[in-house]
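Comments concern the structure below.
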Amino acid sequence: MAAVAWAQLLRGARGAASRRVCSTRARARAASAVAQELQSSGSRRFVLERAAPFSAFLMDSFGRQHNYLRISLTEKCNLRCQYCMPEEGVQLTPKSELLTAQEIITLARLFVKEGVEKIRLTGGEPLIRPDVVDIVGQLYKLEGLKTIAVTTNGINLTRLLPRLKEAGLNAINISLDTLVPAKFEFIVRRKGFHKVIEGIHKATELGYRPVKVNCVVMRGFNEDEVLDFVDFTKDLPLDVRFIEYMPFDGNKWNFKKMVSYKEMLDTIKQRWPELEKLPCETSSTAKSYKVPHFQGQISFITSMSEHFCGSCNRLRITADGNLKVCLFGNSEVSLRDHLRLGASEEELIQIIGKAVGRKKKQHAGMFNISQMKNRPMVLIDQLDPTSILKSAST
């Protein structure tokens, strides 16, 4: 009942805020009114248990606080992963329509001011953008931002990581779907396996803990390597994250290709029956486990078999400046256009708040998603566990 009361009050707060001229004083009065109403309604305990004061504009009608923003730096990629991009490639957005570095920082500053604490840079492949180090350095200066992360295919990581670390990068996810070089070339349609492995080791040498390795498991491709990936964590501080194969435009998704986390878990427990379940944060997208005495751990991203929409705290901005409140949703709002038309900070906040307010409770399920028209993955956000969010409502 407390959650319902909070959601009702939140909708009222957002509606009231949108009818006002959003001056700092008016917004402060609105926040104060919400606090008083919560205190008198008996929902105060519910709110205090879950959050410090948080911007109503980044909170949806189900009470989910969005403090994690993913920003795509480019649509381009130097690989052609089968689950991410059609073999023939994709139609790229003209460079003039992509966000500039200054526009990225302007939007990031706005989101951080409203309560975002973590920003992840994605692509395409973010490390092929020439100014990526400068962008990380500018983000590092934003007061209130606690984590700057990147999701990369690892091809350019060894060369760039020392500079990225110096600029302020403090978390890394590296995509790797096989430990067999020949199979790597088949899956990504390019060479580069040894560069990725070198990048993983470089990250551990520079002190990143853990280095997250994202592995999309596909039947007939790499499900036979699950045990090898677990063994990969024995002597390295890795978090190998097994991701259920997901449908996106152009990747020819088929239910028969999907290997569920329960199937993977059963296979692993047959080899390591002592496997331990690890605690996780409420907003975590992963179910984490560890083989005793191994340096690293493993995780499962169950976006298809067991969605985690109820704890979603993520938003994403595409390389061409569109705000997507859900990875699987096809609804987008162009922040780039409003920014270039001279929208004020308060107007942008209102636009963002309305988009977040329309976010649905959960995605439509794997079969419905497979029939939906959406961008290819490469044009949304490089595939990553924490990126797998929620979409069309059931």
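Scheme for the structure tokens: letters A, B, ... for chains in order shown; per-chain residue numbers from 1; ligand numbers from 1 in order shown.
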I'd like the contact shell of Thr267 in chain A - 12 Å cut-off, only C-alpha atoms, skipping same-chain residues fewer than 4 positions apart - returned as a list in words.
Glu223, Asp224, Glu225, Val226, Leu227, Asp228, Val230, Val259, Ser260, Tyr261, Lys262, Glu263, Arg271, Trp272, Pro273 and Leu275 of chain A
Compile the contact shell of range 121-133 of chain A as a PyMOL selection string: residues with an atom at most 6 Å away, counting only C-alpha atoms, same-chain residues fewer than 3 positions apart removed.
chain A and resi 70-77+136+150-152+164+378+381-382
Selection near Leu238 in chain A, 9 Å with only C-alpha atoms, sequence-local residues under 6 positions removed, as an NGL selection string
:A and (200 or 204 or 209-213 or 232 or 295-298)
Write a file of the selected residues as a tab-separated table (two decimals), in the first residue's frame, keeping N, CA, C and O atoms.
chain	number	residue	atom	x	y	z
A	200	ILE	N	41.96	-7.32	-21.42
A	200	ILE	CA	41.48	-7.83	-20.13
A	200	ILE	C	42.61	-7.87	-19.11
A	200	ILE	O	42.47	-7.43	-17.96
A	204	THR	N	43.27	-5.63	-15.49
A	204	THR	CA	43.58	-6.18	-14.16
A	204	THR	C	44.91	-5.65	-13.65
A	204	THR	O	45.05	-5.37	-12.46
A	209	ARG	N	38.85	-3.61	-10.45
A	209	ARG	CA	38.30	-4.73	-9.68
A	209	ARG	C	36.80	-4.57	-9.51
A	209	ARG	O	36.37	-3.60	-8.88
A	210	PRO	N	35.99	-5.50	-10.02
A	210	PRO	CA	36.41	-6.53	-10.96
A	210	PRO	C	36.41	-5.98	-12.37
A	210	PRO	O	35.82	-4.94	-12.65
A	211	VAL	N	37.05	-6.70	-13.26
A	211	VAL	CA	36.91	-6.43	-14.68
A	211	VAL	C	35.73	-7.29	-15.15
A	211	VAL	O	35.77	-8.51	-15.03
A	212	LYS	N	34.68	-6.65	-15.62
A	212	LYS	CA	33.49	-7.39	-16.03
A	212	LYS	C	33.63	-7.83	-17.49
A	212	LYS	O	33.95	-7.02	-18.36
A	213	VAL	N	33.40	-9.11	-17.72
A	213	VAL	CA	33.47	-9.68	-19.06
A	213	VAL	C	32.07	-10.13	-19.45
A	213	VAL	O	31.46	-10.98	-18.80
A	232	PHE	N	37.90	-19.35	-16.27
A	232	PHE	CA	38.63	-18.12	-16.57
A	232	PHE	C	38.72	-17.21	-15.34
A	232	PHE	O	39.61	-16.37	-15.24
A	295	GLN	N	39.50	-16.35	-7.69
A	295	GLN	CA	39.65	-14.90	-7.54
A	295	GLN	C	38.40	-14.14	-8.00
A	295	GLN	O	37.99	-13.17	-7.39
A	296	GLY	N	37.85	-14.58	-9.09
A	296	GLY	CA	36.72	-13.87	-9.68
A	296	GLY	C	35.38	-14.51	-9.37
A	296	GLY	O	35.26	-15.36	-8.48
A	297	GLN	N	34.37	-14.10	-10.12
A	297	GLN	CA	33.01	-14.60	-9.91
A	297	GLN	C	32.29	-14.65	-11.25
A	297	GLN	O	32.83	-14.23	-12.28
A	298	ILE	N	31.07	-15.18	-11.25
A	298	ILE	CA	30.24	-15.20	-12.44
A	298	ILE	C	28.89	-14.58	-12.12
A	298	ILE	O	28.49	-14.50	-10.96
Could you find all residues in range 80-149 of chain A that DSSP calls helix (DSSP H, G or I) from the backbone, and write them as a PyMOL selection string?
chain A and resi 95-97+101-114+126-128+132-140
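Comparing A:Glu117, A:Glu205, A:Arg241, A:Arg314 by their smallest distance to Leu176 in chain A, the closest is A:Arg241 (using only C-alpha atoms).
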Write out as an NGL selection string the set of residues from range 68-101 of chain A that DSSP, computed on the backbone, places in strand (DSSP E or B).
:A and (68-72)
Residues from the last selection, N, CA, C and O atoms, saved as a PDB file, in the first residue's frame:
ATOM      1  N   TYR A  68      21.199   6.159 -12.996  1.00  0.00           N
ATOM      2  CA  TYR A  68      22.216   5.543 -13.845  1.00  0.00           C
ATOM      3  C   TYR A  68      21.891   5.901 -15.300  1.00  0.00           C
ATOM      4  O   TYR A  68      20.818   5.602 -15.800  1.00  0.00           O
ATOM      5  N   LEU A  69      22.839   6.556 -15.960  1.00  0.00           N
ATOM      6  CA  LEU A  69      22.650   7.015 -17.336  1.00  0.00           C
ATOM      7  C   LEU A  69      23.695   6.377 -18.243  1.00  0.00           C
ATOM      8  O   LEU A  69      24.893   6.395 -17.944  1.00  0.00           O
ATOM      9  N   ARG A  70      23.235   5.842 -19.364  1.00  0.00           N
ATOM     10  CA  ARG A  70      24.124   5.285 -20.365  1.00  0.00           C
ATOM     11  C   ARG A  70      24.123   6.204 -21.587  1.00  0.00           C
ATOM     12  O   ARG A  70      23.058   6.557 -22.091  1.00  0.00           O
ATOM     13  N   ILE A  71      25.297   6.594 -22.039  1.00  0.00           N
ATOM     14  CA  ILE A  71      25.427   7.515 -23.168  1.00  0.00           C
ATOM     15  C   ILE A  71      26.208   6.832 -24.284  1.00  0.00           C
ATOM     16  O   ILE A  71      27.363   6.425 -24.091  1.00  0.00           O
ATOM     17  N   SER A  72      25.586   6.706 -25.454  1.00  0.00           N
ATOM     18  CA  SER A  72      26.270   6.142 -26.607  1.00  0.00           C
ATOM     19  C   SER A  72      27.087   7.239 -27.285  1.00  0.00           C
ATOM     20  O   SER A  72      26.553   8.285 -27.655  1.00  0.00           O
TER      21      SER A  72
END
Nearest residue to Asn330 in chain A from the set A:Lys256, A:Lys165, A:Lys360, A:Lys354 (distances using only C-alpha atoms):
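The closest residue to Asn330 in chain A is A:Lys360.
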Phe242 in chain A: which residues within 8 Å, counting only C-alpha atoms, same-chain residues fewer than 2 positions away excluded, as a PyMOL selection string?
chain A and resi 214-217+240+244+261+298-301
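Remark: for Leu327 in chain A, the closest of the candidate residues A:Cys309, A:Ile104, A:Leu339, A:Leu348 is A:Cys309 (distances computed over only C-alpha atoms).
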Would you compute the distance between CA of Asp337 in chain A and CA of Gly321 in chain A? Give it in Å to one decimal.
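Computed distance, CA of Asp337 in chain A to CA of Gly321 in chain A, equals 7.9 Å.
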